[in-house]
Number of protein chains: 2
Amino acid sequence: MVREKTVRLTKFELEVMHALWELGNGSVREIQEQLPEKERPAYTTVQTIVRRLEDKGAVRKVKKIGNAFIFEPVVTRKATHNRLIIELLELFGGSARPLMAHLAEAGKLSLEDLREMEGLLAEGQASEPEGLDSKQDRRLSSARRSRPKR
Amino acid sequence: MVREKTVRLTKFELEVMHALWELGNGSVREIQEQLPEKERPAYTTVQTIVRRLEDKGAVRKVKKIGNAFIFEPVVTRKATHNRLIIELLELFGGSARPLMAHLAEAGKLSLEDLREMEGLLAEGQASEPEGLDSKQDRRLSSARRSRPKR
DNA sequence: ACACTCCTACGACATTTGTAGTAGGATAGG
DNA sequence: CCTATCCTACTACAAATGTCGTAGGAGTGT
């Protein structure tokens, strides 16, 4: 087994990671723009979070384009989510049963969901493609970003 | 609908709440002793957490026995767990599907679990008794606790 | 009335998180 | 080569968390 590295991430750090997972890799600017407008913090705030993520070993610089660093995730979305789930499960006694019961009760779980899962389980695997690719970098190549006339 | 109060609790606060839910109600001392030895903090640490929980409105004093206050949960375990689950779900796009997929893949979910759930769902309800009772208080009545000869 | 324990009320402090501002170097268009 | 922008490296700071210690009031057996 590969014992993936997992780090403890805060809510906000998770959001930044989410953005980066979506992008595959990207600059601080791109990450910030990827965040939902509603909760889009200042550029330097994102920069700080990214730096902390780098300290924690959750992301790393892969290259430099112009004078900007391009970051990429080190921890996978899957490993991170797993960790979160494990922690939540512990609160429920380590078993998925009670958790499922809650989901069902909250109406978050339908019979169809269950049957669907059964199908997957029966087949022996339930994996999502985990799209962590698109490592191209045709961007920033030589074009200045938004240029606010001020 | 009763729109239960939910507060944001930290990991440690959750553990204290867990202890209190188990007890039904209890003194700081009892709560501390209810915590797993491995991670049992100093008495005053627990006291501080309880005080903060009180500030947050998650617990309240119900009476005084001797010179000690007896606390009881204000927020239910169910409501709190629900909140946690909701937050986790948001990370997964708000749907239970991806979460279940993770559980299944991590081997935390078996076919039996699924069938069991189906049964419950089919019946129209999946509720656990939510044992928040046992509000007696035959304890501390007049007996000193452990008395370390020093 | 005492001595011994408990308990509570507060205060402290190091970390971690959330959020940003500033100074100064790097770049590209003109 | 100059200038308007970007970007990075730092620094700052308040609020939230994790962890306790201390002072002083209370309750009880003798």
# chains A, B, ... in the order shown; residues from 1 in each chain; ligands from 1

call {"tool": "interface_residues", "arguments": {"of": "chain A", "to": "chain C", "cutoff": "7 Å", "atoms": "only C-alpha atoms (C1' of nucleotides)", "output": "PyMOL selection string"}}
result
chain A and resi 44-45+67

call {"tool": "interface_residues", "arguments": {"of": "chain A", "to": "chain B", "cutoff": "9 Å", "atoms": "only C-alpha atoms", "output": "PyMOL selection string"}}
result
chain A and resi 14-15+18+78+81-82+84-85+88+91-92+94-106+108-111+113-115+117-118+120-122+125-128

call {"tool": "write_last_selection", "arguments": {"atoms": "N, CA and C atoms", "output": "compact mmCIF listing (two decimals), in the first residue's frame"}}
result
# COMPACT_ATOMS: atom_id res chain seq x y z
N LEU A 14 -9.06 23.88 2.67
CA LEU A 14 -9.72 22.87 1.85
C LEU A 14 -10.32 23.50 0.59
N GLU A 15 -10.85 24.69 0.77
CA GLU A 15 -11.45 25.35 -0.38
C GLU A 15 -10.39 25.69 -1.42
N HIS A 18 -9.46 22.62 -3.12
CA HIS A 18 -10.51 22.24 -4.05
C HIS A 18 -10.30 22.97 -5.38
N LYS A 78 -8.75 12.52 -3.23
CA LYS A 78 -9.28 11.30 -2.64
C LYS A 78 -8.72 11.03 -1.24
N HIS A 81 -10.16 13.59 1.20
CA HIS A 81 -11.55 13.33 1.53
C HIS A 81 -11.67 12.12 2.43
N ASN A 82 -10.87 11.12 2.13
CA ASN A 82 -10.91 9.93 2.96
C ASN A 82 -10.62 10.27 4.41
N LEU A 84 -11.05 13.06 5.92
CA LEU A 84 -12.17 13.77 6.51
C LEU A 84 -13.27 12.80 6.91
N ILE A 85 -13.52 11.88 6.03
CA ILE A 85 -14.58 10.92 6.31
C ILE A 85 -14.22 10.05 7.51
N LEU A 88 -14.83 11.89 10.60
CA LEU A 88 -16.25 12.01 10.90
C LEU A 88 -16.77 10.68 11.42
N LEU A 91 -16.40 9.90 15.03
CA LEU A 91 -17.40 10.50 15.91
C LEU A 91 -18.64 9.62 15.99
N PHE A 92 -18.81 8.82 14.95
CA PHE A 92 -19.97 7.95 14.91
C PHE A 92 -19.61 6.53 15.32
N GLY A 94 -16.89 4.95 14.42
CA GLY A 94 -16.06 4.25 13.46
C GLY A 94 -16.80 3.45 12.40
N SER A 95 -18.08 3.35 12.55
CA SER A 95 -18.84 2.58 11.57
C SER A 95 -19.68 3.47 10.68
N ALA A 96 -19.89 3.02 9.49
CA ALA A 96 -20.66 3.82 8.53
C ALA A 96 -22.16 3.76 8.79
N ARG A 97 -22.58 2.72 9.47
CA ARG A 97 -24.01 2.54 9.72
C ARG A 97 -24.72 3.78 10.26
N PRO A 98 -24.31 4.26 11.43
CA PRO A 98 -24.99 5.41 12.01
C PRO A 98 -24.96 6.62 11.08
N LEU A 99 -23.85 6.76 10.39
CA LEU A 99 -23.73 7.89 9.48
C LEU A 99 -24.79 7.78 8.40
N MET A 100 -24.89 6.61 7.83
CA MET A 100 -25.89 6.38 6.80
C MET A 100 -27.29 6.63 7.34
N ALA A 101 -27.51 6.18 8.55
CA ALA A 101 -28.83 6.36 9.14
C ALA A 101 -29.16 7.85 9.17
N HIS A 102 -28.18 8.65 9.56
CA HIS A 102 -28.40 10.09 9.61
C HIS A 102 -28.71 10.64 8.24
N LEU A 103 -27.94 10.20 7.28
CA LEU A 103 -28.15 10.68 5.91
C LEU A 103 -29.56 10.33 5.44
N ALA A 104 -29.94 9.11 5.75
CA ALA A 104 -31.27 8.66 5.33
C ALA A 104 -32.34 9.52 5.99
N GLU A 105 -32.16 9.70 7.27
CA GLU A 105 -33.15 10.45 8.02
C GLU A 105 -33.25 11.88 7.55
N ALA A 106 -32.11 12.41 7.15
CA ALA A 106 -32.10 13.79 6.69
C ALA A 106 -32.57 13.90 5.25
N LYS A 108 -31.17 12.74 2.77
CA LYS A 108 -30.05 12.89 1.84
C LYS A 108 -29.76 11.60 1.08
N LEU A 109 -30.47 10.60 1.49
CA LEU A 109 -30.20 9.29 0.93
C LEU A 109 -31.50 8.68 0.41
N SER A 110 -31.51 8.35 -0.83
CA SER A 110 -32.73 7.75 -1.39
C SER A 110 -32.51 6.28 -1.70
N LEU A 111 -33.59 5.63 -1.94
CA LEU A 111 -33.52 4.22 -2.29
C LEU A 111 -32.70 4.04 -3.56
N ASP A 113 -30.24 5.86 -4.55
CA ASP A 113 -28.82 5.97 -4.22
C ASP A 113 -28.33 4.61 -3.76
N LEU A 114 -29.09 4.02 -2.89
CA LEU A 114 -28.69 2.73 -2.33
C LEU A 114 -28.57 1.65 -3.41
N ARG A 115 -29.56 1.61 -4.26
CA ARG A 115 -29.52 0.58 -5.29
C ARG A 115 -28.31 0.82 -6.21
N MET A 117 -25.53 2.21 -5.44
CA MET A 117 -24.32 1.79 -4.74
C MET A 117 -24.19 0.27 -4.73
N GLU A 118 -25.31 -0.36 -4.55
CA GLU A 118 -25.28 -1.83 -4.55
C GLU A 118 -24.70 -2.35 -5.85
N LEU A 120 -22.66 -0.88 -7.88
CA LEU A 120 -21.22 -0.64 -7.92
C LEU A 120 -20.47 -1.62 -7.03
N LEU A 121 -21.00 -1.78 -5.83
CA LEU A 121 -20.33 -2.68 -4.89
C LEU A 121 -20.28 -4.10 -5.44
N ALA A 122 -21.40 -4.49 -6.01
CA ALA A 122 -21.48 -5.84 -6.54
C ALA A 122 -20.42 -6.06 -7.60
N GLN A 125 -16.13 -2.70 -7.51
CA GLN A 125 -15.41 -1.43 -7.37
C GLN A 125 -16.29 -0.23 -7.64
N ALA A 126 -16.00 0.79 -6.91
CA ALA A 126 -16.74 2.04 -7.07
C ALA A 126 -15.72 3.15 -7.11
N SER A 127 -15.17 3.39 -8.25
CA SER A 127 -14.13 4.42 -8.32
C SER A 127 -14.53 5.55 -9.24
N GLU A 128 -14.19 6.73 -8.83
CA GLU A 128 -14.44 7.86 -9.70
C GLU A 128 -13.11 8.16 -10.38

call {"tool": "atom_distance", "arguments": {"atom1": "CA of Tyr43 in chain A", "atom2": "CA of Gly93 in chain B"}}
result
24.8 Å

call {"tool": "interface_residues", "arguments": {"of": "chain D", "to": "chain A", "cutoff": "10 Å", "atoms": "only C-alpha atoms (C1' of nucleotides)", "output": "PyMOL selection string"}}
result
chain D and resi 4-8

call {"tool": "write_last_selection", "arguments": {"atoms": "N, CA and C atoms (P, O5', C5', C4', C3', O3' and C1' of nucleotides)", "output": "PDB file, in the first residue's frame"}}
result
ATOM      1  P    DA D   4       3.527  55.284 -14.968  1.00  0.00           P
ATOM      2  O5'  DA D   4       2.425  54.153 -15.160  1.00  0.00           O
ATOM      3  C5'  DA D   4       2.069  53.767 -16.471  1.00  0.00           C
ATOM      4  C4'  DA D   4       1.641  52.299 -16.468  1.00  0.00           C
ATOM      5  C3'  DA D   4       0.760  51.960 -15.262  1.00  0.00           C
ATOM      6  O3'  DA D   4      -0.204  50.998 -15.700  1.00  0.00           O
ATOM      7  C1'  DA D   4       2.688  50.627 -15.186  1.00  0.00           C
ATOM      8  P    DT D   5      -1.497  50.743 -14.809  1.00  0.00           P
ATOM      9  O5'  DT D   5      -1.343  49.202 -14.468  1.00  0.00           O
ATOM     10  C5'  DT D   5      -0.072  48.717 -14.092  1.00  0.00           C
ATOM     11  C4'  DT D   5       0.048  47.270 -14.495  1.00  0.00           C
ATOM     12  C3'  DT D   5      -0.640  46.352 -13.490  1.00  0.00           C
ATOM     13  O3'  DT D   5      -1.042  45.158 -14.161  1.00  0.00           O
ATOM     14  C1'  DT D   5       1.711  46.119 -13.339  1.00  0.00           C
ATOM     15  P    DC D   6      -2.289  44.304 -13.564  1.00  0.00           P
ATOM     16  O5'  DC D   6      -1.566  42.985 -13.067  1.00  0.00           O
ATOM     17  C5'  DC D   6      -0.232  43.074 -12.706  1.00  0.00           C
ATOM     18  C4'  DC D   6       0.480  41.755 -12.843  1.00  0.00           C
ATOM     19  C3'  DC D   6       0.091  40.811 -11.714  1.00  0.00           C
ATOM     20  O3'  DC D   6       0.213  39.444 -12.082  1.00  0.00           O
ATOM     21  C1'  DC D   6       2.318  41.666 -11.417  1.00  0.00           C
ATOM     22  P    DC D   7      -0.219  38.322 -11.018  1.00  0.00           P
ATOM     23  O5'  DC D   7       1.144  38.071 -10.202  1.00  0.00           O
ATOM     24  C5'  DC D   7       2.354  38.068 -10.922  1.00  0.00           C
ATOM     25  C4'  DC D   7       3.485  37.531 -10.089  1.00  0.00           C
ATOM     26  C3'  DC D   7       2.962  36.761  -8.870  1.00  0.00           C
ATOM     27  O3'  DC D   7       3.773  35.651  -8.507  1.00  0.00           O
ATOM     28  C1'  DC D   7       4.128  38.717  -8.168  1.00  0.00           C
ATOM     29  P    DT D   8       3.423  34.879  -7.133  1.00  0.00           P
ATOM     30  O5'  DT D   8       4.694  35.199  -6.231  1.00  0.00           O
ATOM     31  C5'  DT D   8       5.985  35.203  -6.832  1.00  0.00           C
ATOM     32  C4'  DT D   8       7.034  35.611  -5.827  1.00  0.00           C
ATOM     33  C3'  DT D   8       6.916  34.872  -4.499  1.00  0.00           C
ATOM     34  O3'  DT D   8       8.227  34.671  -3.960  1.00  0.00           O
ATOM     35  C1'  DT D   8       6.604  37.182  -4.135  1.00  0.00           C
TER      36       DT D   8
END

call {"tool": "select_by_dssp", "arguments": {"residues": "chain A", "states": "strand (DSSP E or B)", "output": "PyMOL selection string"}}
result
chain A and resi 26+59-65+68-73

call {"tool": "write_last_selection", "arguments": {"atoms": "N, CA and C atoms", "output": "tab-separated table (two decimals), in the first residue's frame"}}
result
chain	number	residue	atom	x	y	z
A	26	GLY	N	-1.95	25.60	-10.91
A	26	GLY	CA	-2.17	26.99	-11.28
A	26	GLY	C	-1.47	27.99	-10.39
A	59	VAL	N	0.85	21.27	-1.13
A	59	VAL	CA	1.05	21.69	-2.52
A	59	VAL	C	2.54	21.98	-2.71
A	60	ARG	N	2.94	22.16	-3.94
A	60	ARG	CA	4.34	22.51	-4.19
A	60	ARG	C	4.44	23.29	-5.49
A	61	LYS	N	5.51	24.03	-5.59
A	61	LYS	CA	5.75	24.81	-6.80
A	61	LYS	C	6.27	23.83	-7.86
A	62	VAL	N	5.74	23.94	-9.05
A	62	VAL	CA	6.23	23.05	-10.10
A	62	VAL	C	7.05	23.78	-11.14
A	63	LYS	N	6.79	25.04	-11.28
A	63	LYS	CA	7.54	25.81	-12.27
A	63	LYS	C	7.24	27.28	-12.10
A	64	LYS	N	7.84	28.04	-12.94
A	64	LYS	CA	7.63	29.48	-12.86
A	64	LYS	C	7.30	29.95	-14.27
A	65	ILE	N	6.26	30.72	-14.37
A	65	ILE	CA	5.90	31.27	-15.68
A	65	ILE	C	5.90	32.76	-15.50
A	68	ALA	N	5.61	34.42	-12.00
A	68	ALA	CA	4.64	33.75	-11.11
A	68	ALA	C	4.90	32.26	-10.97
A	69	PHE	N	4.74	31.78	-9.77
A	69	PHE	CA	4.91	30.35	-9.52
A	69	PHE	C	3.62	29.61	-9.86
A	70	ILE	N	3.80	28.42	-10.34
A	70	ILE	CA	2.64	27.56	-10.62
A	70	ILE	C	2.69	26.47	-9.57
A	71	PHE	N	1.57	26.29	-8.88
A	71	PHE	CA	1.50	25.27	-7.83
A	71	PHE	C	0.69	24.07	-8.29
A	72	GLU	N	0.98	22.96	-7.68
A	72	GLU	CA	0.18	21.78	-7.97
A	72	GLU	C	-0.04	21.04	-6.66
A	73	PRO	N	-1.12	20.28	-6.58
A	73	PRO	CA	-1.44	19.56	-5.33
A	73	PRO	C	-0.43	18.44	-5.11

call {"tool": "select_by_dssp", "arguments": {"residues": "chain B", "states": "alpha helix (DSSP H)", "output": "PyMOL selection string"}}
result
chain B and resi 11-23+28-34+43-55+77-91+96-105+111-123

call {"tool": "atom_distance", "arguments": {"atom1": "C1' of DC13 in chain D", "atom2": "CA of Ala58 in chain B"}}
result
29.0 Å

call {"tool": "residues_around", "arguments": {"residues": "Lys56 in chain A", "least_positions_apart": "4", "cutoff": "12 Å", "atoms": "only C-alpha atoms (C1' of nucleotides)", "output": "PyMOL selection string"}}
result
chain A and resi 5-10+13+49-52+60+73-75

call {"tool": "write_last_selection", "arguments": {"atoms": "C-alpha atoms", "output": "CSV table (one decimal), in the first residue's frame"}}
result
chain,number,residue,atom,x,y,z
A,5,LYS,CA,0.5,11.6,2.9
A,6,THR,CA,-2.4,13.4,4.6
A,7,VAL,CA,-2.3,16.7,6.4
A,8,ARG,CA,-4.8,18.4,8.6
A,9,LEU,CA,-6.4,21.2,6.6
A,10,THR,CA,-8.7,23.9,7.7
A,13,GLU,CA,-7.4,25.6,3.1
A,49,ILE,CA,-3.1,30.2,2.4
A,50,VAL,CA,-1.1,28.8,-0.5
A,51,ARG,CA,2.1,29.4,1.4
A,52,ARG,CA,0.8,27.7,4.4
A,60,ARG,CA,4.3,22.5,-4.2
A,73,PRO,CA,-1.4,19.6,-5.3
A,74,VAL,CA,0.7,17.1,-3.6
A,75,VAL,CA,-2.1,15.4,-1.7

call {"tool": "decode", "arguments": {"residues": "chain C", "atoms": "N, CA and C atoms (P, O5', C5', C4', C3', O3' and C1' of nucleotides)", "output": "tab-separated table (two decimals), in the first residue's frame"}}
result
chain	number	residue	atom	x	y	z
C	1	DA	P	-17.40	28.17	66.19
C	1	DA	O5'	-15.99	27.51	66.01
C	1	DA	C5'	-15.02	27.67	67.05
C	1	DA	C4'	-13.82	26.82	66.75
C	1	DA	C3'	-12.94	27.34	65.62
C	1	DA	O3'	-11.61	26.95	65.93
C	1	DA	C1'	-13.81	25.24	64.99
C	2	DC	P	-10.37	27.70	65.34
C	2	DC	O5'	-9.81	26.69	64.26
C	2	DC	C5'	-10.52	25.49	64.02
C	2	DC	C4'	-9.56	24.36	63.72
C	2	DC	C3'	-8.64	24.64	62.53
C	2	DC	O3'	-7.43	23.93	62.71
C	2	DC	C1'	-10.31	23.02	61.94
C	3	DA	P	-6.19	24.19	61.69
C	3	DA	O5'	-6.34	22.92	60.75
C	3	DA	C5'	-6.53	21.66	61.34
C	3	DA	C4'	-6.68	20.59	60.27
C	3	DA	C3'	-5.76	20.80	59.07
C	3	DA	O3'	-5.36	19.51	58.63
C	3	DA	C1'	-8.01	20.93	58.35
C	4	DC	P	-4.24	19.34	57.51
C	4	DC	O5'	-5.10	18.68	56.35
C	4	DC	C5'	-6.51	18.70	56.47
C	4	DC	C4'	-7.15	17.74	55.48
C	4	DC	C3'	-6.47	17.73	54.12
C	4	DC	O3'	-6.70	16.47	53.51
C	4	DC	C1'	-8.56	18.86	53.99
C	5	DT	P	-5.91	16.08	52.11
C	5	DT	O5'	-7.12	15.87	51.10
C	5	DT	C5'	-7.72	16.99	50.58
C	5	DT	C4'	-9.12	16.65	50.14
C	5	DT	C3'	-9.23	16.72	48.64
C	5	DT	O3'	-10.30	15.91	48.19
C	5	DT	C1'	-10.34	18.56	49.64
C	6	DC	P	-10.16	15.27	46.66
C	6	DC	O5'	-11.29	16.04	45.88
C	6	DC	C5'	-11.55	17.35	46.27
C	6	DC	C4'	-12.99	17.72	45.94
C	6	DC	C3'	-13.09	18.13	44.47
C	6	DC	O3'	-14.38	17.86	43.95
C	6	DC	C1'	-13.23	20.04	45.93
C	7	DC	P	-14.64	18.12	42.38
C	7	DC	O5'	-15.11	19.65	42.36
C	7	DC	C5'	-15.85	20.15	43.44
C	7	DC	C4'	-16.46	21.48	43.10
C	7	DC	C3'	-16.32	21.83	41.61
C	7	DC	O3'	-17.44	22.54	41.09
C	7	DC	C1'	-15.04	23.36	42.93
C	8	DT	P	-17.32	23.11	39.58
C	8	DT	O5'	-17.19	24.69	39.83
C	8	DT	C5'	-17.99	25.31	40.81
C	8	DT	C4'	-17.69	26.80	40.89
C	8	DT	C3'	-17.65	27.46	39.51
C	8	DT	O3'	-18.15	28.78	39.61
C	8	DT	C1'	-15.53	27.66	40.55
C	9	DA	P	-18.45	29.63	38.29
C	9	DA	O5'	-17.55	30.94	38.45
C	9	DA	C5'	-17.18	31.39	39.74
C	9	DA	C4'	-16.11	32.49	39.61
C	9	DA	C3'	-16.10	33.19	38.26
C	9	DA	O3'	-15.72	34.55	38.46
C	9	DA	C1'	-14.05	32.05	38.55
C	10	DC	P	-15.94	35.61	37.28
C	10	DC	O5'	-14.46	35.93	36.83
C	10	DC	C5'	-13.49	34.90	36.95
C	10	DC	C4'	-12.11	35.49	37.06
C	10	DC	C3'	-11.67	36.14	35.76
C	10	DC	O3'	-10.80	37.24	36.04
C	10	DC	C1'	-10.42	34.14	36.15
C	11	DG	P	-10.21	38.14	34.86
C	11	DG	O5'	-8.75	37.52	34.73
C	11	DG	C5'	-8.01	37.27	35.93
C	11	DG	C4'	-6.65	36.69	35.57
C	11	DG	C3'	-6.06	37.32	34.32
C	11	DG	O3'	-4.65	37.44	34.53
C	11	DG	C1'	-6.34	34.98	33.97
C	12	DA	P	-3.73	38.23	33.44
C	12	DA	O5'	-2.83	37.06	32.86
C	12	DA	C5'	-2.98	35.78	33.34
C	12	DA	C4'	-1.92	34.86	32.79
C	12	DA	C3'	-1.22	35.37	31.53
C	12	DA	O3'	0.11	34.93	31.54
C	12	DA	C1'	-2.51	33.43	31.02
C	13	DC	P	1.16	35.67	30.51
C	13	DC	O5'	1.35	34.53	29.42
C	13	DC	C5'	1.16	33.18	29.80
C	13	DC	C4'	1.44	32.24	28.64
C	13	DC	C3'	1.92	32.98	27.40
C	13	DC	O3'	2.72	32.07	26.66
C	13	DC	C1'	-0.16	32.02	26.96
C	14	DA	P	3.71	32.65	25.52
C	14	DA	O5'	3.83	31.37	24.59
C	14	DA	C5'	3.85	30.08	25.20
C	14	DA	C4'	3.27	29.08	24.22
C	14	DA	C3'	3.75	29.31	22.79
C	14	DA	O3'	3.87	28.05	22.14
C	14	DA	C1'	1.41	29.58	22.88
C	15	DT	P	4.62	28.01	20.71
C	15	DT	O5'	3.46	27.45	19.74
C	15	DT	C5'	2.14	27.88	19.97
C	15	DT	C4'	1.18	26.95	19.28
C	15	DT	C3'	1.32	26.96	17.75
C	15	DT	O3'	0.89	25.69	17.25
C	15	DT	C1'	-0.67	28.10	18.41
C	16	DT	P	0.86	25.47	15.65
C	16	DT	O5'	-0.60	26.00	15.26
C	16	DT	C5'	-1.71	25.48	15.97
C	16	DT	C4'	-3.01	25.91	15.34
C	16	DT	C3'	-3.00	25.96	13.82
C	16	DT	O3'	-4.30	25.53	13.41
C	16	DT	C1'	-3.51	28.10	14.65
C	17	DT	P	-4.65	25.19	11.89
C	17	DT	O5'	-5.79	26.25	11.53
C	17	DT	C5'	-5.91	27.38	12.28
C	17	DT	C4'	-7.10	28.21	11.92
C	17	DT	C3'	-7.31	28.49	10.42
C	17	DT	O3'	-8.71	28.68	10.18
C	17	DT	C1'	-6.63	30.48	11.51
C	18	DG	P	-9.19	29.03	8.65
C	18	DG	O5'	-9.33	30.61	8.71
C	18	DG	C5'	-10.25	31.18	9.63
C	18	DG	C4'	-10.38	32.69	9.42
C	18	DG	C3'	-10.52	33.10	7.95
C	18	DG	O3'	-11.37	34.25	7.90
C	18	DG	C1'	-8.58	34.09	8.85
C	19	DT	P	-11.97	34.76	6.51
C	19	DT	O5'	-11.19	36.11	6.28
C	19	DT	C5'	-10.24	36.55	7.20
C	19	DT	C4'	-9.73	37.92	6.86
C	19	DT	C3'	-9.53	38.15	5.35
C	19	DT	O3'	-9.88	39.48	4.99
C	19	DT	C1'	-7.44	38.26	6.46
C	20	DA	P	-9.89	39.90	3.43
C	20	DA	O5'	-8.60	40.79	3.29
C	20	DA	C5'	-7.61	40.66	4.20
C	20	DA	C4'	-6.95	41.96	4.59
C	20	DA	C3'	-6.36	42.73	3.41
C	20	DA	O3'	-6.24	44.13	3.71
C	20	DA	C1'	-4.62	41.72	4.70
C	21	DG	P	-5.84	45.13	2.51
C	21	DG	O5'	-4.45	45.71	3.06
C	21	DG	C5'	-4.38	46.21	4.40
C	21	DG	C4'	-2.95	46.67	4.70
C	21	DG	C3'	-2.33	47.47	3.56
C	21	DG	O3'	-1.45	48.48	4.10
C	21	DG	C1'	-1.11	45.46	3.85
C	22	DT	P	-0.73	49.46	3.02
C	22	DT	O5'	0.76	48.86	2.98
C	22	DT	C5'	1.37	48.45	4.19
C	22	DT	C4'	2.85	48.23	3.98
C	22	DT	C3'	3.43	49.11	2.88
C	22	DT	O3'	4.79	49.41	3.21
C	22	DT	C1'	3.59	46.84	2.23
C	23	DA	P	5.59	50.47	2.29
C	23	DA	O5'	6.81	49.55	1.86
C	23	DA	C5'	7.46	48.73	2.84
C	23	DA	C4'	8.54	47.91	2.16
C	23	DA	C3'	9.30	48.70	1.12
C	23	DA	O3'	10.64	48.23	1.08
C	23	DA	C1'	8.12	46.95	0.06
C	24	DG	P	11.69	48.98	0.12
C	24	DG	O5'	11.88	47.87	-1.00
C	24	DG	C5'	12.07	46.52	-0.60
C	24	DG	C4'	12.13	45.63	-1.83
C	24	DG	C3'	12.82	46.33	-3.00
C	24	DG	O3'	13.44	45.31	-3.79
C	24	DG	C1'	10.66	45.83	-3.63
C	25	DG	P	14.53	45.74	-4.91
C	25	DG	O5'	14.55	44.39	-5.75
C	25	DG	C5'	14.41	43.13	-5.09
C	25	DG	C4'	13.69	42.14	-6.02
C	25	DG	C3'	14.24	42.18	-7.44
C	25	DG	O3'	14.09	40.88	-8.02
C	25	DG	C1'	12.00	42.84	-7.48
C	26	DA	P	14.70	40.60	-9.45
C	26	DA	O5'	13.37	40.46	-10.32
C	26	DA	C5'	12.48	39.39	-10.05
C	26	DA	C4'	11.44	39.26	-11.15
C	26	DA	C3'	12.01	39.29	-12.56
C	26	DA	O3'	11.15	38.51	-13.38
C	26	DA	C1'	10.62	41.15	-12.27
C	27	DT	P	11.64	38.03	-14.83
C	27	DT	O5'	10.36	38.42	-15.69
C	27	DT	C5'	9.58	39.52	-15.28
C	27	DT	C4'	8.46	39.77	-16.27
C	27	DT	C3'	8.94	39.83	-17.71
C	27	DT	O3'	7.83	39.53	-18.56
C	27	DT	C1'	8.36	42.00	-16.99
C	28	DA	P	8.08	39.19	-20.11
C	28	DA	O5'	7.09	40.23	-20.78
C	28	DA	C5'	5.76	40.36	-20.23
C	28	DA	C4'	5.13	41.62	-20.79
C	28	DA	C3'	5.40	41.80	-22.28
C	28	DA	O3'	4.30	42.51	-22.82
C	28	DA	C1'	6.44	43.54	-21.12
C	29	DG	P	4.11	42.60	-24.38
C	29	DG	O5'	3.68	44.13	-24.53
C	29	DG	C5'	2.74	44.68	-23.59
C	29	DG	C4'	2.70	46.19	-23.75
C	29	DG	C3'	2.77	46.62	-25.22
C	29	DG	O3'	2.00	47.81	-25.35
C	29	DG	C1'	4.72	47.37	-24.09
C	30	DG	P	1.86	48.50	-26.75
C	30	DG	O5'	2.95	49.65	-26.61
C	30	DG	C5'	2.83	50.53	-25.51
C	30	DG	C4'	3.90	51.63	-25.51
C	30	DG	C3'	4.18	52.24	-26.88
C	30	DG	O3'	4.57	53.60	-26.66
C	30	DG	C1'	6.17	51.37	-26.03
